[in-house]
Amino acid sequence: MGPQVAPAETKRPDAEQHRALVIVAAGSGQRLGHGIPKALVELGGRPLLAHALDSLGPLRAPGLGIDLVVLVLPGLPPARERLAALGAEHARRASIPVIVRDGGPSRPASVARGVDAVAEQARHHGWDERSLTVLVHDAARPLTPADVAERVARQVEAGSVAVVPAVPVTDTIKRVDPAGRLGHHSEQAEQVRETLPRAELRAVQTPQGFTLEFLLRAFAHLGELKAEEAEALTDEAMVAEALGVDVAVVSGDARALKITTPADLLAAEALLAERGSEPSSPGTDPAGRPPAVVVPRVGIGHDVHAVASAGEPRELWLAGLHWPGEQGLTGHSDGDAVAHAACDALFSAAGVGDLGVHFGADTLGTDREDMEGASGVRLLEEAARIVREAGFEIGSISVQFVARRPKFGPRREEAQRVLSAAAGAPVALSATTSDGLGFTGRGEGVLATATAVLIPQSPSPAVS
């Protein structure tokens with residue numbers, strides 16, 4: 001492996017350059033001991049793959065400029081479907097094509113399938129294989145900082161066809177003879193053969209970067225090797241070394257640790273907590289530009305429904321829950337004022353109209369037959385989809401309703417779970433009365449007010 005180098009100035013014109021990210025997420029995770037594929041193991045309440053996508057996505061890495069993401073996933077349907085859904089969500093949020101491929105029997109085989117997908121897209125779009133940088137990343141390194149990927153990509157674009165990020169080794173490393181045993185009562189003792197000079201050692205991380213042209217050549221070479229020879233080449237950089245290609249090394253980051261054992265997962269949890277507590281500070285992106293600024297959008301929605309008359313018995317649906325024994329509300333859909341207000345708050349924040357615009361002004365379903373008679377929960381699911389398609393991620397929704405009945409406190413958490421699942425984001429609920437004043441105080445109806453916070457998927461450049 002070649003010496004560690006600093007990223008040089010790009011030699012190829014920017015107009016010719018493209019970047020693709022291949023995330024290998026097909027590992028079984030046996031050593032982690034969770035009984036599910038590693039990419040589905042949760043870190044801070046979210047799957048490892050979700051963190052890997054976010055870490056190199058446009059919100060955390062606005063300057064990385066990824067044109068295509070390929071996910072290489074386990075072939076088993078339940079795991080594949082759950083992980084593919086994360087990819088689809090990332091595609092909506094980041095406005096980047098995400099392609100899914102099944103993994104192979106080994107890591108090289110899985111990466112090869114991902115590279116084939118990149119090659120297909122390159123041919124489709126007319127991208128030059130020599131000017132297409134492919135970043136090969138492990139989902140098992142979910143907290144890799146974006147600047148590591150940027151350093152790798154820039155070094156490839158400066159002329160290196162194979163680049164790895166790495167950190168200095170801090171432990172003393174000794175080469176041992178596994179077959180050489182010491183003593184008569186310690187069968188596990190191995191014999192030291194030599195101590196390796198620590199100054200020359202680096203621990204290699206991902207993403208590793210290559211031109212597409214080189215990767216196609218590398219995997220063609222792997223196909224010519226015997227199975228045991230191919231398995232000995234554990235990453236693409238080793239293939240480059242076997243082909244006599246210089247591998248450049250750029251600075252990695254201690255936060256890009258690989259999660260293999262339960263102890264690694266604990267370390268990652270600590271890093272995640274530390275990252276969440278770091279104060280934001282001004283700076284520049286890897287290209288020296290001011291950082292992108294994410295300006296949240298806030299919307300407010302109101303909804304009012306009258307209690308149906310005694311001669312019109314109706315079931316009460318409120319905050320996504322059925323309330324047996326309570327008289328229902330008049331109005332659209334199931335009359336769920338809480339869910340309807342949440343929808344209007346989302347539309348308001350996104351600037352895309354209101355309930356009437358999307359579901360019919362007079363009777364819900366007038367403009368969209370597929371939504372005729374839809375429940376408030378179903379409307380909230382659809383409203384969330386609409387604002388995401390409009391280019392926003394949902395930060396949170398808060399709703400307070402005013403009513404004499406029902407008694408809400410005992411079921412608050414249940415309602416929050418139902419509406420949060422519908423919106424795909426945290427929904428906080430509260431209820432109050434109006435001390436007998438007005439139509440809500442007389443028990444004639446329900447008033448709900450909602451606030452929604454949306455985050456644009458494409459941050460605005462900072463003003464310098």
# chains A, B, ... in the order shown; residues from 1 in each chain; ligands from 1
$ select_by_dssp --residues "range 381-438 of chain A" --states "strand (DSSP E or B)" --output "ChimeraX atom specification"
/A:392-402,427-432
$ write_last_selection --atoms "all heavy atoms" --output "CSV table (one decimal), in the first residue's frame"
chain,number,residue,atom,x,y,z
A,392,PHE,N,-39.6,17.7,1.5
A,392,PHE,CA,-39.4,17.9,2.9
A,392,PHE,C,-39.4,16.7,3.7
A,392,PHE,O,-40.0,15.7,3.4
A,392,PHE,CB,-40.6,18.8,3.4
A,392,PHE,CG,-40.7,20.2,2.8
A,392,PHE,CD1,-41.5,20.4,1.7
A,392,PHE,CD2,-39.9,21.2,3.3
A,392,PHE,CE1,-41.6,21.6,1.1
A,392,PHE,CE2,-40.0,22.5,2.7
A,392,PHE,CZ,-40.8,22.7,1.6
A,393,GLU,N,-38.6,16.7,4.8
A,393,GLU,CA,-38.7,15.7,5.8
A,393,GLU,C,-39.5,16.2,7.0
A,393,GLU,O,-39.4,17.4,7.3
A,393,GLU,CB,-37.3,15.2,6.3
A,393,GLU,CG,-37.3,14.1,7.3
A,393,GLU,CD,-38.1,12.9,6.8
A,393,GLU,OE1,-37.9,12.4,5.7
A,393,GLU,OE2,-39.0,12.5,7.6
A,394,ILE,N,-40.2,15.4,7.7
A,394,ILE,CA,-41.0,15.8,8.8
A,394,ILE,C,-40.2,15.8,10.1
A,394,ILE,O,-39.7,14.7,10.5
A,394,ILE,CB,-42.3,15.0,8.9
A,394,ILE,CG1,-43.1,15.0,7.7
A,394,ILE,CG2,-43.1,15.4,10.1
A,394,ILE,CD1,-44.3,14.0,7.6
A,395,GLY,N,-40.0,16.9,10.7
A,395,GLY,CA,-39.3,17.0,12.0
A,395,GLY,C,-40.2,16.5,13.1
A,395,GLY,O,-39.8,15.6,13.9
A,396,SER,N,-41.3,17.2,13.3
A,396,SER,CA,-42.2,16.8,14.4
A,396,SER,C,-43.6,17.4,14.1
A,396,SER,O,-43.7,18.4,13.3
A,396,SER,CB,-41.7,17.2,15.7
A,396,SER,OG,-41.6,18.7,15.8
A,397,ILE,N,-44.6,16.9,14.8
A,397,ILE,CA,-46.0,17.5,14.8
A,397,ILE,C,-46.5,17.5,16.2
A,397,ILE,O,-46.3,16.6,17.0
A,397,ILE,CB,-46.9,16.6,13.9
A,397,ILE,CG1,-46.4,16.4,12.5
A,397,ILE,CG2,-48.3,17.2,13.9
A,397,ILE,CD1,-47.2,15.4,11.7
A,398,SER,N,-47.1,18.7,16.6
A,398,SER,CA,-47.7,18.8,17.9
A,398,SER,C,-49.2,19.2,17.7
A,398,SER,O,-49.4,20.1,16.8
A,398,SER,CB,-47.0,19.9,18.7
A,398,SER,OG,-45.7,19.5,19.0
A,399,VAL,N,-50.1,18.6,18.4
A,399,VAL,CA,-51.5,18.9,18.3
A,399,VAL,C,-52.1,19.1,19.7
A,399,VAL,O,-51.8,18.2,20.6
A,399,VAL,CB,-52.3,17.8,17.5
A,399,VAL,CG1,-53.7,18.3,17.3
A,399,VAL,CG2,-51.6,17.4,16.2
A,400,GLN,N,-52.9,20.1,19.9
A,400,GLN,CA,-53.6,20.3,21.1
A,400,GLN,C,-55.1,20.4,20.7
A,400,GLN,O,-55.4,21.2,19.8
A,400,GLN,CB,-53.2,21.5,21.9
A,400,GLN,CG,-54.0,21.6,23.3
A,400,GLN,CD,-53.6,22.8,24.1
A,400,GLN,OE1,-53.9,23.9,23.8
A,400,GLN,NE2,-52.9,22.5,25.2
A,401,PHE,N,-56.0,19.6,21.4
A,401,PHE,CA,-57.4,19.8,21.1
A,401,PHE,C,-58.1,20.3,22.4
A,401,PHE,O,-57.7,20.0,23.5
A,401,PHE,CB,-58.0,18.6,20.5
A,401,PHE,CG,-58.2,17.4,21.4
A,401,PHE,CD1,-59.3,17.2,22.1
A,401,PHE,CD2,-57.2,16.4,21.5
A,401,PHE,CE1,-59.5,16.1,23.0
A,401,PHE,CE2,-57.3,15.3,22.3
A,401,PHE,CZ,-58.5,15.2,23.1
A,402,VAL,N,-59.2,21.0,22.1
A,402,VAL,CA,-60.0,21.5,23.2
A,402,VAL,C,-61.4,20.8,23.1
A,402,VAL,O,-62.1,20.9,22.1
A,402,VAL,CB,-60.2,23.0,23.1
A,402,VAL,CG1,-61.0,23.6,24.3
A,402,VAL,CG2,-58.8,23.7,22.9
A,427,VAL,N,-45.2,12.6,16.8
A,427,VAL,CA,-46.4,13.4,17.0
A,427,VAL,C,-46.7,13.5,18.5
A,427,VAL,O,-46.8,12.4,19.2
A,427,VAL,CB,-47.6,12.8,16.3
A,427,VAL,CG1,-48.8,13.6,16.6
A,427,VAL,CG2,-47.3,12.7,14.8
A,428,ALA,N,-46.7,14.7,19.0
A,428,ALA,CA,-47.0,14.9,20.4
A,428,ALA,C,-48.4,15.5,20.6
A,428,ALA,O,-48.8,16.3,19.8
A,428,ALA,CB,-46.0,15.9,21.0
A,429,LEU,N,-49.2,15.0,21.5
A,429,LEU,CA,-50.6,15.3,21.7
A,429,LEU,C,-50.8,15.9,23.1
A,429,LEU,O,-50.2,15.4,24.1
A,429,LEU,CB,-51.5,14.1,21.4
A,429,LEU,CG,-51.4,13.5,20.0
A,429,LEU,CD1,-52.2,12.2,20.0
A,429,LEU,CD2,-51.7,14.4,18.9
A,430,SER,N,-51.8,16.8,23.2
A,430,SER,CA,-52.2,17.3,24.5
A,430,SER,C,-53.7,17.7,24.4
A,430,SER,O,-54.2,17.9,23.2
A,430,SER,CB,-51.4,18.5,25.0
A,430,SER,OG,-51.5,19.6,24.1
A,431,ALA,N,-54.4,17.7,25.5
A,431,ALA,CA,-55.8,18.1,25.5
A,431,ALA,C,-56.1,19.0,26.6
A,431,ALA,O,-55.4,19.0,27.7
A,431,ALA,CB,-56.6,16.8,25.6
A,432,THR,N,-57.1,19.8,26.5
A,432,THR,CA,-57.5,20.8,27.5
A,432,THR,C,-59.0,21.1,27.4
A,432,THR,O,-59.6,20.6,26.4
A,432,THR,CB,-56.7,22.1,27.4
A,432,THR,OG1,-56.9,22.9,28.6
A,432,THR,CG2,-57.0,22.9,26.2
$ residues_around --residues "Ala341 in chain A" --least-positions-apart "4" --cutoff "10 Å" --atoms "only C-alpha atoms" --output "VMD selection string"
chain A and resid 300 to 304 336 to 337 345 to 347 354 to 355 376 380 398 to 401 447 to 452
$ closest_residue --among "A:Asp435, A:Asp334, A:Glu389, A:Glu229" --to "Ala94 in chain A" --atoms "only C-alpha atoms"
A:Glu389
$ residues_around --residues "range 210-225 of chain A" --least-positions-apart "6" --cutoff "10 Å" --atoms "only C-alpha atoms" --output "PyMOL selection string"
chain A and resi 19-20+108-109+111-113+115-116+118-119+122+127-136+152-153+155-157+159-164+231+233+236-240+242-243+245+247
$ closest_atom_pairs --of "range 226-321 of chain A" --to "range 35-41 of chain A" --cutoff "12 Å" --atoms "only C-alpha atoms" --output "Markdown table"
| residue | atom | partner | partner_atom | distance |
| --- | --- | --- | --- | --- |
| A:Lys258 | CA | A:Lys38 | CA | 11.3 |
| A:Ile259 | CA | A:Lys38 | CA | 8.7 |
| A:Thr260 | CA | A:Lys38 | CA | 8.5 |
| A:Thr261 | CA | A:Lys38 | CA | 10.3 |
| A:Pro262 | CA | A:Val41 | CA | 10.7 |
| A:Leu265 | CA | A:Val41 | CA | 9.3 |
$ atom_distance --atom1 "CA of Pro197 in chain A" --atom2 "CA of Ala248 in chain A"
19.8 Å
$ closest_residue --among "A:Val148, A:Ala339, A:Leu437, A:Ala403" --to "Leu419 in chain A" --atoms "only C-alpha atoms"
A:Ala339
$ closest_residue --among "A:Pro165, A:Gly33, A:Gly45, A:Gly424" --to "Leu272 in chain A" --atoms "only C-alpha atoms"
A:Gly45
